[in-house]
>>> print(open('target.cif').read())   # mmCIF, N, CA and C atoms and all ligand atoms
data_model
#
loop_
_atom_site.label_atom_id
_atom_site.label_comp_id
_atom_site.auth_asym_id
_atom_site.auth_seq_id
_atom_site.Cartn_x
_atom_site.Cartn_y
_atom_site.Cartn_z
N MET A 5 0.84 -1.19 0.00
CA MET A 5 0.00 0.00 0.00
C MET A 5 0.88 1.25 0.00
N THR A 6 0.53 2.21 -0.84
CA THR A 6 1.28 3.47 -0.86
C THR A 6 0.95 4.28 0.39
N GLU A 7 1.98 4.69 1.10
CA GLU A 7 1.80 5.44 2.34
C GLU A 7 2.66 6.71 2.30
N ARG A 8 2.25 7.66 3.16
CA ARG A 8 3.08 8.84 3.40
C ARG A 8 3.53 8.82 4.86
N THR A 9 4.76 9.24 5.08
CA THR A 9 5.27 9.29 6.44
C THR A 9 6.10 10.54 6.65
N PHE A 10 6.22 10.90 7.94
CA PHE A 10 7.03 12.07 8.31
C PHE A 10 8.39 11.60 8.80
N VAL A 11 9.42 12.05 8.11
CA VAL A 11 10.80 11.71 8.47
C VAL A 11 11.54 13.02 8.73
N MET A 12 12.36 13.03 9.76
CA MET A 12 13.06 14.27 10.11
C MET A 12 14.51 13.98 10.50
N ILE A 13 15.43 14.69 9.85
CA ILE A 13 16.84 14.63 10.21
C ILE A 13 17.04 15.59 11.38
N LYS A 14 17.51 15.05 12.49
CA LYS A 14 17.56 15.82 13.75
C LYS A 14 18.75 16.79 13.76
N PRO A 15 18.74 17.75 14.73
CA PRO A 15 19.78 18.79 14.74
C PRO A 15 21.21 18.27 14.79
N ASP A 16 21.45 17.16 15.45
CA ASP A 16 22.82 16.63 15.53
C ASP A 16 23.34 16.28 14.14
N ALA A 17 22.50 15.63 13.35
CA ALA A 17 22.92 15.20 12.02
C ALA A 17 23.03 16.37 11.05
N VAL A 18 22.12 17.34 11.18
CA VAL A 18 22.21 18.52 10.31
C VAL A 18 23.51 19.26 10.62
N ALA A 19 23.83 19.42 11.91
CA ALA A 19 25.05 20.13 12.31
C ALA A 19 26.30 19.40 11.83
N ARG A 20 26.22 18.07 11.75
CA ARG A 20 27.38 17.28 11.30
C ARG A 20 27.48 17.19 9.78
N GLY A 21 26.56 17.83 9.07
CA GLY A 21 26.63 17.84 7.61
C GLY A 21 26.21 16.53 6.97
N LEU A 22 25.29 15.82 7.62
CA LEU A 22 24.87 14.50 7.13
C LEU A 22 23.54 14.52 6.39
N SER A 23 22.92 15.70 6.25
CA SER A 23 21.57 15.75 5.67
C SER A 23 21.52 15.14 4.28
N GLY A 24 22.47 15.51 3.43
CA GLY A 24 22.45 15.03 2.06
C GLY A 24 22.58 13.53 1.96
N GLU A 25 23.52 12.97 2.73
CA GLU A 25 23.73 11.52 2.72
C GLU A 25 22.48 10.78 3.16
N ILE A 26 21.84 11.31 4.19
CA ILE A 26 20.67 10.63 4.74
C ILE A 26 19.50 10.74 3.77
N LEU A 27 19.28 11.94 3.24
CA LEU A 27 18.21 12.11 2.24
C LEU A 27 18.43 11.17 1.05
N ALA A 28 19.68 11.04 0.62
CA ALA A 28 19.99 10.21 -0.54
C ALA A 28 19.59 8.75 -0.32
N ARG A 29 19.68 8.29 0.91
CA ARG A 29 19.31 6.88 1.18
C ARG A 29 17.83 6.64 0.87
N PHE A 30 16.99 7.62 1.24
CA PHE A 30 15.55 7.45 0.99
C PHE A 30 15.26 7.55 -0.51
N GLU A 31 15.93 8.45 -1.18
CA GLU A 31 15.73 8.56 -2.64
C GLU A 31 16.19 7.29 -3.35
N ARG A 32 17.35 6.81 -2.97
CA ARG A 32 17.90 5.59 -3.60
C ARG A 32 17.02 4.38 -3.38
N ARG A 33 16.39 4.35 -2.22
CA ARG A 33 15.52 3.22 -1.91
C ARG A 33 14.31 3.19 -2.84
N GLY A 34 13.99 4.37 -3.40
CA GLY A 34 12.87 4.46 -4.34
C GLY A 34 11.72 5.30 -3.85
N PHE A 35 11.87 5.88 -2.66
CA PHE A 35 10.78 6.72 -2.14
C PHE A 35 10.74 8.07 -2.85
N ALA A 36 9.55 8.62 -2.91
CA ALA A 36 9.37 9.99 -3.42
C ALA A 36 9.41 10.96 -2.24
N VAL A 37 10.18 12.02 -2.37
CA VAL A 37 10.23 13.06 -1.35
C VAL A 37 9.25 14.15 -1.78
N LEU A 38 8.07 14.13 -1.18
CA LEU A 38 7.00 15.05 -1.60
C LEU A 38 7.09 16.40 -0.91
N GLY A 39 7.72 16.41 0.27
CA GLY A 39 7.91 17.64 1.02
C GLY A 39 9.30 17.64 1.59
N LEU A 40 9.93 18.83 1.60
CA LEU A 40 11.32 18.91 2.09
C LEU A 40 11.58 20.33 2.56
N LYS A 41 11.95 20.49 3.83
CA LYS A 41 12.30 21.84 4.30
C LYS A 41 13.24 21.78 5.49
N LYS A 42 14.09 22.80 5.55
CA LYS A 42 14.98 22.98 6.69
C LYS A 42 14.41 24.10 7.54
N CYS A 43 14.26 23.84 8.84
CA CYS A 43 13.71 24.86 9.72
C CYS A 43 14.11 24.56 11.16
N VAL A 44 13.90 25.53 12.04
CA VAL A 44 14.07 25.29 13.47
C VAL A 44 12.68 25.06 14.05
N MET A 45 12.47 23.91 14.68
CA MET A 45 11.14 23.59 15.20
C MET A 45 10.79 24.49 16.37
N ALA A 46 9.59 25.05 16.34
CA ALA A 46 9.12 25.88 17.46
C ALA A 46 8.85 24.99 18.67
N ARG A 47 9.00 25.57 19.85
CA ARG A 47 8.83 24.79 21.09
C ARG A 47 7.43 24.16 21.18
N ASP A 48 6.39 24.93 20.82
CA ASP A 48 5.04 24.36 20.95
C ASP A 48 4.84 23.20 19.96
N ALA A 49 5.43 23.32 18.78
CA ALA A 49 5.34 22.22 17.81
C ALA A 49 6.11 20.99 18.32
N ALA A 50 7.25 21.24 18.98
CA ALA A 50 8.04 20.13 19.53
C ALA A 50 7.28 19.41 20.64
N GLU A 51 6.63 20.19 21.49
CA GLU A 51 5.87 19.58 22.59
C GLU A 51 4.68 18.78 22.06
N GLU A 52 4.07 19.27 20.99
CA GLU A 52 2.97 18.55 20.37
C GLU A 52 3.48 17.29 19.66
N HIS A 53 4.58 17.45 18.95
CA HIS A 53 5.19 16.33 18.22
C HIS A 53 5.49 15.16 19.17
N TYR A 54 6.08 15.49 20.33
CA TYR A 54 6.51 14.46 21.28
C TYR A 54 5.52 14.30 22.44
N ALA A 55 4.25 14.64 22.23
CA ALA A 55 3.25 14.61 23.31
C ALA A 55 3.19 13.27 24.03
N GLU A 56 3.39 12.16 23.29
CA GLU A 56 3.28 10.83 23.92
C GLU A 56 4.37 10.62 24.98
N HIS A 57 5.42 11.46 24.95
CA HIS A 57 6.53 11.30 25.89
C HIS A 57 6.50 12.34 27.01
N ARG A 58 5.38 13.07 27.10
CA ARG A 58 5.29 14.21 28.04
C ARG A 58 5.66 13.83 29.47
N ASP A 59 5.34 12.63 29.89
CA ASP A 59 5.60 12.23 31.28
C ASP A 59 6.93 11.51 31.47
N LYS A 60 7.69 11.37 30.43
CA LYS A 60 8.97 10.65 30.54
C LYS A 60 10.04 11.57 31.14
N PRO A 61 11.00 10.98 31.84
CA PRO A 61 12.05 11.80 32.48
C PRO A 61 12.91 12.57 31.48
N PHE A 62 12.95 12.10 30.24
CA PHE A 62 13.82 12.75 29.25
C PHE A 62 13.08 13.77 28.39
N PHE A 63 11.78 14.06 28.72
CA PHE A 63 10.98 14.92 27.85
C PHE A 63 11.58 16.33 27.68
N ALA A 64 11.98 16.94 28.79
CA ALA A 64 12.51 18.32 28.71
C ALA A 64 13.78 18.35 27.86
N GLU A 65 14.62 17.38 28.08
CA GLU A 65 15.88 17.27 27.31
C GLU A 65 15.59 17.05 25.82
N LEU A 66 14.56 16.25 25.56
CA LEU A 66 14.18 15.92 24.18
C LEU A 66 13.69 17.17 23.44
N VAL A 67 12.83 17.94 24.10
CA VAL A 67 12.30 19.17 23.49
C VAL A 67 13.42 20.20 23.31
N GLU A 68 14.28 20.29 24.31
CA GLU A 68 15.43 21.20 24.25
C GLU A 68 16.30 20.85 23.04
N PHE A 69 16.58 19.59 22.89
CA PHE A 69 17.46 19.13 21.81
C PHE A 69 16.83 19.35 20.43
N ILE A 70 15.57 18.99 20.30
CA ILE A 70 14.96 19.01 18.95
C ILE A 70 14.74 20.45 18.46
N THR A 71 14.70 21.39 19.43
CA THR A 71 14.55 22.81 19.05
C THR A 71 15.89 23.55 19.07
N SER A 72 16.99 22.83 19.27
CA SER A 72 18.29 23.48 19.50
C SER A 72 18.97 23.97 18.23
N GLY A 73 18.48 23.54 17.08
CA GLY A 73 19.09 23.95 15.82
C GLY A 73 18.25 23.44 14.67
N PRO A 74 18.67 23.74 13.46
CA PRO A 74 17.86 23.36 12.31
C PRO A 74 17.70 21.85 12.16
N VAL A 75 16.52 21.47 11.69
CA VAL A 75 16.21 20.09 11.32
C VAL A 75 15.85 20.09 9.83
N VAL A 76 15.86 18.93 9.23
CA VAL A 76 15.39 18.79 7.85
C VAL A 76 14.18 17.86 7.89
N MET A 77 13.02 18.42 7.52
CA MET A 77 11.76 17.68 7.57
C MET A 77 11.39 17.18 6.18
N MET A 78 10.88 15.95 6.14
CA MET A 78 10.49 15.36 4.86
C MET A 78 9.11 14.72 4.97
N CYS A 79 8.37 14.81 3.87
CA CYS A 79 7.20 13.95 3.68
C CYS A 79 7.62 12.93 2.64
N ILE A 80 7.65 11.68 3.03
CA ILE A 80 8.12 10.62 2.15
C ILE A 80 6.96 9.71 1.78
N GLU A 81 6.90 9.37 0.50
CA GLU A 81 5.80 8.52 0.00
C GLU A 81 6.36 7.31 -0.72
N GLY A 82 5.67 6.19 -0.54
CA GLY A 82 6.03 4.99 -1.29
C GLY A 82 5.36 3.77 -0.69
N GLU A 83 5.60 2.65 -1.32
CA GLU A 83 5.03 1.37 -0.89
C GLU A 83 5.51 1.05 0.54
N GLY A 84 4.58 0.88 1.44
CA GLY A 84 4.94 0.52 2.81
C GLY A 84 5.90 1.48 3.48
N ALA A 85 5.78 2.76 3.15
CA ALA A 85 6.79 3.75 3.57
C ALA A 85 6.97 3.85 5.08
N ILE A 86 5.89 3.69 5.84
CA ILE A 86 6.01 3.94 7.29
C ILE A 86 6.95 2.93 7.93
N LEU A 87 6.69 1.66 7.72
CA LEU A 87 7.54 0.63 8.32
C LEU A 87 8.92 0.59 7.65
N ALA A 88 8.95 0.74 6.35
CA ALA A 88 10.25 0.67 5.64
C ALA A 88 11.20 1.76 6.12
N CYS A 89 10.67 2.96 6.33
CA CYS A 89 11.54 4.06 6.80
C CYS A 89 12.01 3.78 8.22
N ARG A 90 11.13 3.25 9.07
CA ARG A 90 11.54 2.89 10.44
C ARG A 90 12.63 1.83 10.40
N THR A 91 12.49 0.87 9.51
CA THR A 91 13.51 -0.19 9.41
C THR A 91 14.84 0.39 8.95
N MET A 92 14.79 1.33 8.00
CA MET A 92 16.03 1.98 7.54
C MET A 92 16.69 2.77 8.67
N MET A 93 15.90 3.32 9.60
CA MET A 93 16.44 4.12 10.70
C MET A 93 17.18 3.28 11.72
N GLY A 94 16.68 2.08 11.99
CA GLY A 94 17.28 1.23 13.02
C GLY A 94 16.70 1.50 14.40
N ALA A 95 17.19 0.75 15.38
CA ALA A 95 16.67 0.82 16.74
C ALA A 95 16.85 2.22 17.33
N THR A 96 15.91 2.59 18.23
CA THR A 96 15.94 3.91 18.87
C THR A 96 17.29 4.18 19.54
N ASN A 97 17.78 3.20 20.28
CA ASN A 97 19.10 3.34 20.91
C ASN A 97 20.16 2.88 19.91
N PRO A 98 20.99 3.79 19.43
CA PRO A 98 21.98 3.43 18.41
C PRO A 98 22.90 2.28 18.84
N GLN A 99 23.02 2.08 20.15
CA GLN A 99 23.84 0.94 20.61
C GLN A 99 23.23 -0.39 20.16
N ASP A 100 21.91 -0.37 19.94
CA ASP A 100 21.21 -1.60 19.51
C ASP A 100 20.94 -1.62 18.01
N ALA A 101 21.32 -0.54 17.31
CA ALA A 101 20.96 -0.42 15.89
C ALA A 101 21.96 -1.18 15.02
N ALA A 102 21.43 -1.95 14.09
CA ALA A 102 22.28 -2.78 13.24
C ALA A 102 23.09 -1.90 12.28
N PRO A 103 24.34 -2.31 12.00
CA PRO A 103 25.09 -1.66 10.94
C PRO A 103 24.29 -1.71 9.64
N GLY A 104 24.37 -0.65 8.86
CA GLY A 104 23.58 -0.59 7.64
C GLY A 104 22.31 0.22 7.82
N THR A 105 21.87 0.35 9.08
CA THR A 105 20.76 1.27 9.35
C THR A 105 21.35 2.67 9.57
N ILE A 106 20.49 3.67 9.49
CA ILE A 106 20.99 5.05 9.62
C ILE A 106 21.57 5.27 11.02
N ARG A 107 20.82 4.88 12.05
CA ARG A 107 21.35 5.05 13.41
C ARG A 107 22.57 4.15 13.64
N GLY A 108 22.53 2.97 13.06
CA GLY A 108 23.65 2.04 13.22
C GLY A 108 24.91 2.51 12.51
N ASP A 109 24.75 3.36 11.54
CA ASP A 109 25.91 3.87 10.79
C ASP A 109 26.38 5.24 11.28
N TYR A 110 25.48 6.04 11.89
CA TYR A 110 25.83 7.44 12.16
C TYR A 110 25.74 7.86 13.62
N ALA A 111 25.25 7.01 14.52
CA ALA A 111 24.97 7.50 15.88
C ALA A 111 25.47 6.55 16.96
N LEU A 112 25.67 7.12 18.15
CA LEU A 112 26.13 6.33 19.31
C LEU A 112 25.24 6.50 20.53
N GLU A 113 24.47 7.61 20.60
CA GLU A 113 23.72 7.93 21.82
C GLU A 113 22.23 8.07 21.54
N VAL A 114 21.41 7.57 22.46
CA VAL A 114 19.95 7.62 22.26
C VAL A 114 19.43 9.06 22.20
N GLY A 115 20.05 9.96 22.92
CA GLY A 115 19.59 11.35 22.94
C GLY A 115 19.94 12.11 21.67
N GLN A 116 20.90 11.60 20.91
CA GLN A 116 21.32 12.24 19.65
C GLN A 116 21.37 11.16 18.59
N ASN A 117 20.18 10.72 18.21
CA ASN A 117 20.12 9.53 17.35
C ASN A 117 19.72 9.85 15.91
N VAL A 118 20.02 11.06 15.48
CA VAL A 118 20.13 11.43 14.06
C VAL A 118 18.82 11.60 13.29
N ILE A 119 17.82 10.77 13.60
CA ILE A 119 16.64 10.76 12.71
C ILE A 119 15.37 10.39 13.46
N HIS A 120 14.27 10.91 12.96
CA HIS A 120 12.93 10.56 13.45
C HIS A 120 12.10 10.04 12.29
N GLY A 121 11.25 9.06 12.57
CA GLY A 121 10.26 8.62 11.58
C GLY A 121 8.98 8.21 12.28
N SER A 122 7.85 8.53 11.69
CA SER A 122 6.55 8.19 12.28
C SER A 122 6.46 6.68 12.49
N ASP A 123 5.78 6.29 13.60
CA ASP A 123 5.76 4.86 13.94
C ASP A 123 4.47 4.14 13.54
N GLY A 124 3.58 4.82 12.83
CA GLY A 124 2.35 4.16 12.39
C GLY A 124 1.51 5.14 11.58
N PRO A 125 0.43 4.66 10.97
CA PRO A 125 -0.39 5.51 10.11
C PRO A 125 -0.99 6.72 10.84
N GLU A 126 -1.40 6.52 12.09
CA GLU A 126 -1.99 7.64 12.83
C GLU A 126 -0.95 8.70 13.14
N SER A 127 0.22 8.26 13.59
CA SER A 127 1.25 9.25 13.92
C SER A 127 1.78 9.91 12.67
N ALA A 128 1.83 9.19 11.56
CA ALA A 128 2.27 9.80 10.30
C ALA A 128 1.33 10.94 9.91
N ALA A 129 0.04 10.69 9.96
CA ALA A 129 -0.93 11.73 9.60
C ALA A 129 -0.86 12.90 10.58
N ARG A 130 -0.74 12.56 11.85
CA ARG A 130 -0.69 13.60 12.90
C ARG A 130 0.56 14.47 12.74
N GLU A 131 1.71 13.82 12.55
CA GLU A 131 2.99 14.56 12.47
C GLU A 131 3.07 15.37 11.18
N LEU A 132 2.61 14.81 10.07
CA LEU A 132 2.60 15.59 8.82
C LEU A 132 1.71 16.82 8.99
N GLY A 133 0.59 16.65 9.71
CA GLY A 133 -0.32 17.77 9.95
C GLY A 133 0.31 18.86 10.82
N ILE A 134 1.15 18.46 11.76
CA ILE A 134 1.82 19.46 12.62
C ILE A 134 2.84 20.26 11.82
N HIS A 135 3.60 19.58 10.97
CA HIS A 135 4.81 20.21 10.41
C HIS A 135 4.70 20.68 8.96
N PHE A 136 3.70 20.20 8.23
CA PHE A 136 3.58 20.60 6.82
C PHE A 136 2.19 21.17 6.54
N ALA A 137 2.17 22.27 5.81
CA ALA A 137 0.92 22.74 5.22
C ALA A 137 0.65 21.89 3.97
N ASP A 138 -0.61 21.74 3.61
CA ASP A 138 -0.95 20.95 2.42
C ASP A 138 -0.18 21.45 1.19
N SER A 139 -0.03 22.77 1.11
CA SER A 139 0.62 23.37 -0.06
C SER A 139 2.11 23.06 -0.13
N GLU A 140 2.69 22.56 0.95
CA GLU A 140 4.12 22.23 0.97
C GLU A 140 4.38 20.78 0.57
N ILE A 141 3.32 20.02 0.36
CA ILE A 141 3.46 18.62 -0.04
C ILE A 141 3.10 18.53 -1.52
N ILE A 142 4.11 18.24 -2.32
CA ILE A 142 3.95 18.29 -3.78
C ILE A 142 3.80 16.86 -4.28
N GLY A 143 2.58 16.41 -4.42
CA GLY A 143 2.31 15.03 -4.83
C GLY A 143 2.34 14.91 -6.30
P1 LIG B 201 11.80 6.63 18.16
O1 LIG B 201 12.44 7.96 17.82
O2 LIG B 201 12.65 5.49 17.71
O3 LIG B 201 10.36 6.54 17.71
P2 LIG B 201 10.76 7.03 20.85
O4 LIG B 201 10.64 5.97 21.87
O5 LIG B 201 9.52 7.55 20.20
O6 LIG B 201 11.81 6.52 19.76
O7 LIG B 201 11.54 8.24 21.53
C1 LIG B 201 11.60 9.49 20.90
C2 LIG B 201 13.00 10.03 21.02
O8 LIG B 201 13.28 10.28 22.39
C3 LIG B 201 14.10 9.04 20.59
O9 LIG B 201 14.35 9.09 19.20
C4 LIG B 201 15.28 9.50 21.40
O10 LIG B 201 15.98 10.56 20.75
C5 LIG B 201 14.64 10.04 22.67
N1 LIG B 201 14.74 9.04 23.73
C6 LIG B 201 14.07 7.88 23.83
N2 LIG B 201 14.40 7.22 24.95
C7 LIG B 201 15.31 8.00 25.58
C8 LIG B 201 16.04 7.87 26.80
O11 LIG B 201 15.91 6.88 27.55
N3 LIG B 201 16.89 8.90 27.11
C9 LIG B 201 17.04 10.00 26.32
N4 LIG B 201 16.37 10.15 25.16
C10 LIG B 201 15.53 9.17 24.80
MG MG B 202 8.68 7.57 18.32
#
>>> encode(input="target.cif", output="structure tokens")
Amino acid sequence: MTERTFVMIKPDAVARGLSGEILARFERRGFAVLGLKKCVMARDAAEEHYAEHRDKPFFAELVEFITSGPVVMMCIEGEGAILACRTMMGATNPQDAAPGTIRGDYALEVGQNVIHGSDGPESAARELGIHFADSEIIG
């Protein structure tokens, strides 16, 4: 099934100059990049984005980090895009991420794990709605 998902290169990876390499992996895989922008996430958008983690001990640190510098946001479309993009990202904790995955190739710490991807159809729709206007998604 053709799906759309929200993928975001986090501030650590943008600062390290990895945006192009990471974007290229999704293009090479065959996905269409329907939306693409570099921006600094506003605090209220970050709190909404990570609302499911509001009660976690790392929430403040997470919001601080994700708003600390520019991110690269993408709307990615393709067959089974939601799960396939998550699989390409690797485990949340880079220590557990397999080599060949993005986190397994580029990251060492869970707090700076390079990339975000929606974890299901509901979160994909919700996250795309937070971060992209309809006019920014070029289908
Ligand atoms: P995901 O990004 O793989 O979907 P989530 O469990 O949704 O993982 O967590 C969101 C983000 O919160 C992670 O990508 C990671 O950066 C951060 N995070 C998760 N667990 C921890 C933790 O135990 N300490 C610090 N940061 C964490
Ligand atoms: Mg998540």
>>> atom_distance(input="target.cif", atom1="CA of Leu38 in chain A", atom2="CA of Ala85 in chain A")
12.4 Å
>>> atom_distance(input="target.cif", atom1="atom C6 of ligand LIG 201 (chain B)", atom2="CA of Pro61 in chain A")
9.7 Å
>>> residues_near_ligand(input="target.cif", ligand="ligand MG 202 (chain B)", cutoff="6.5 Å", atoms="all atoms listed in the file", output="ChimeraX atom specification")
/A:121-123
>>> closest_atom_pairs(input="target.cif", of="chain A", to="ligand LIG 201 (chain B)", cutoff="8 Å", atoms="only C-alpha atoms and all ligand atoms", output="tab-separated table")
residue	atom	partner	partner_atom	distance
A:Tyr54	CA	B:LIG201	C1	7.1
A:Glu56	CA	B:LIG201	O5	8.0
A:His57	CA	B:LIG201	O7	7.3
A:Pro61	CA	B:LIG201	N3	7.8
A:Phe62	CA	B:LIG201	C9	5.1
A:Phe63	CA	B:LIG201	O8	7.5
A:Glu65	CA	B:LIG201	C9	7.4
A:Leu66	CA	B:LIG201	O8	6.0
A:Arg90	CA	B:LIG201	O2	7.8
A:Gly94	CA	B:LIG201	O2	7.8
A:Ala95	CA	B:LIG201	O2	6.2
A:Thr96	CA	B:LIG201	O2	3.8
A:Asn97	CA	B:LIG201	C4	7.3
A:Val114	CA	B:LIG201	C4	5.1
A:Gly115	CA	B:LIG201	N4	4.1
A:Gln116	CA	B:LIG201	O10	5.7
A:Asn117	CA	B:LIG201	O10	5.5
A:Val118	CA	B:LIG201	O10	7.9
A:Ile119	CA	B:LIG201	O9	7.1
A:His120	CA	B:LIG201	O1	5.1
A:Gly121	CA	B:LIG201	O3	6.5
A:Ser122	CA	B:LIG201	O3	6.8
A:Asp123	CA	B:LIG201	O3	6.2
>>> select_by_dssp(input="target.cif", residues="range 17-135 of chain A", states="helix (DSSP H, G or I)", output="ChimeraX atom specification")
/A:17-19,23-33,47-53,55-57,63-70,85-93,98-100,106-110,125-135
>>> closest_residue(input="target.cif", among="A:His53, A:Arg47, A:Lys60, A:Arg32", to="Ser127 in chain A", atoms="only C-alpha atoms")
A:His53
>>> axis_aligned_box(input="target.cif", around="range 8-12 of chain A", padding_each_side="3 Å", output="JSON")
{"center_x": 8.4, "center_y": 11.0, "center_z": 6.8, "size_x": 18.3, "size_y": 12.6, "size_z": 13.3}
>>> closest_residue(input="target.cif", among="A:Lys14, A:Asp48, A:Gly124, A:Pro98", to="Ala111 in chain A", atoms="all atoms listed in the file")
A:Pro98
>>> atom_distance(input="target.cif", atom1="CA of Gly133 in chain A", atom2="CA of Thr105 in chain A")
26.8 Å
>>> select_by_dssp(input="target.cif", residues="range 12-72 of chain A", states="strand (DSSP E)", output="PyMOL selection string")
chain A and resi 12-13+36-43
>>> residues_near_point(input="target.cif", point="(13.1, 17.1, 12.2)", cutoff="6 Å", atoms="all atoms listed in the file", output="VMD selection string")
chain A and resid 11 to 14 75 to 77
>>> closest_residue(input="target.cif", among="A:Ile106, A:Glu81, A:Met93, A:Leu112", to="Thr6 in chain A", atoms="all atoms listed in the file")
A:Glu81
>>> residues_around(input="target.cif", residues="Glu140 in chain A", least_positions_apart="6", cutoff="8 Å", atoms="all atoms listed in the file", output="PyMOL selection string")
chain A and resi 38-40+79
>>> closest_residue(input="target.cif", among="A:Val44, A:Leu22, A:Ala17, A:Leu132", to="Gly73 in chain A", atoms="only C-alpha atoms")
A:Val44
>>> closest_residue(input="target.cif", among="A:Met78, A:Ala50, A:Asp59, A:Thr9", to="Ala128 in chain A", atoms="only C-alpha atoms")
A:Thr9
>>> closest_residue(input="target.cif", among="A:Ile26, A:Pro15, A:Val37, A:Asp109", to="Ile70 in chain A", atoms="all atoms listed in the file")
A:Pro15
>>> decode(input="target.cif", residues="range 27-33 of chain A", atoms="all heavy atoms", output="tab-separated table (two decimals), in the first residue's frame")
chain	number	residue	atom	x	y	z
A	27	LEU	N	19.28	11.94	3.24
A	27	LEU	CA	18.21	12.11	2.24
A	27	LEU	C	18.43	11.17	1.05
A	27	LEU	O	17.48	10.55	0.54
A	27	LEU	CB	18.19	13.57	1.78
A	27	LEU	CG	17.31	13.92	0.58
A	27	LEU	CD1	15.85	13.61	0.85
A	27	LEU	CD2	17.47	15.40	0.21
A	28	ALA	N	19.68	11.04	0.62
A	28	ALA	CA	19.99	10.21	-0.54
A	28	ALA	C	19.59	8.75	-0.32
A	28	ALA	O	19.19	8.06	-1.26
A	28	ALA	CB	21.48	10.30	-0.87
A	29	ARG	N	19.68	8.29	0.91
A	29	ARG	CA	19.31	6.88	1.18
A	29	ARG	C	17.83	6.64	0.87
A	29	ARG	O	17.47	5.60	0.35
A	29	ARG	CB	19.56	6.53	2.66
A	29	ARG	CG	21.03	6.43	3.01
A	29	ARG	CD	21.13	6.00	4.46
A	29	ARG	NE	22.52	5.81	4.84
A	29	ARG	CZ	22.97	4.77	5.57
A	29	ARG	NH1	22.12	3.85	6.02
A	29	ARG	NH2	24.23	4.68	5.88
A	30	PHE	N	16.99	7.62	1.24
A	30	PHE	CA	15.55	7.45	0.99
A	30	PHE	C	15.26	7.55	-0.51
A	30	PHE	O	14.42	6.80	-1.03
A	30	PHE	CB	14.76	8.48	1.80
A	30	PHE	CG	14.85	8.24	3.28
A	30	PHE	CD1	15.72	8.96	4.08
A	30	PHE	CD2	14.08	7.25	3.88
A	30	PHE	CE1	15.82	8.72	5.45
A	30	PHE	CE2	14.17	7.00	5.25
A	30	PHE	CZ	15.05	7.74	6.03
A	31	GLU	N	15.93	8.45	-1.18
A	31	GLU	CA	15.73	8.56	-2.64
A	31	GLU	C	16.19	7.29	-3.35
A	31	GLU	O	15.50	6.76	-4.21
A	31	GLU	CB	16.48	9.78	-3.18
A	31	GLU	CG	15.86	11.09	-2.74
A	31	GLU	CD	16.49	12.29	-3.42
A	31	GLU	OE1	17.72	12.39	-3.44
A	31	GLU	OE2	15.73	13.12	-3.95
A	32	ARG	N	17.35	6.81	-2.97
A	32	ARG	CA	17.90	5.59	-3.60
A	32	ARG	C	17.02	4.38	-3.38
A	32	ARG	O	16.92	3.50	-4.21
A	32	ARG	CB	19.29	5.28	-3.03
A	32	ARG	CG	20.41	5.70	-3.92
A	32	ARG	CD	21.71	5.16	-3.35
A	32	ARG	NE	22.64	6.23	-3.15
A	32	ARG	CZ	23.32	6.46	-2.04
A	32	ARG	NH1	23.19	5.65	-0.99
A	32	ARG	NH2	24.14	7.45	-1.97
A	33	ARG	N	16.39	4.35	-2.22
A	33	ARG	CA	15.52	3.22	-1.91
A	33	ARG	C	14.31	3.19	-2.84
A	33	ARG	O	13.70	2.16	-3.06
A	33	ARG	CB	15.05	3.32	-0.44
A	33	ARG	CG	14.18	2.16	0.02
A	33	ARG	CD	15.01	0.93	0.33
A	33	ARG	NE	14.20	-0.24	0.58
A	33	ARG	CZ	13.76	-0.64	1.78
A	33	ARG	NH1	14.05	0.03	2.86
A	33	ARG	NH2	13.03	-1.74	1.88
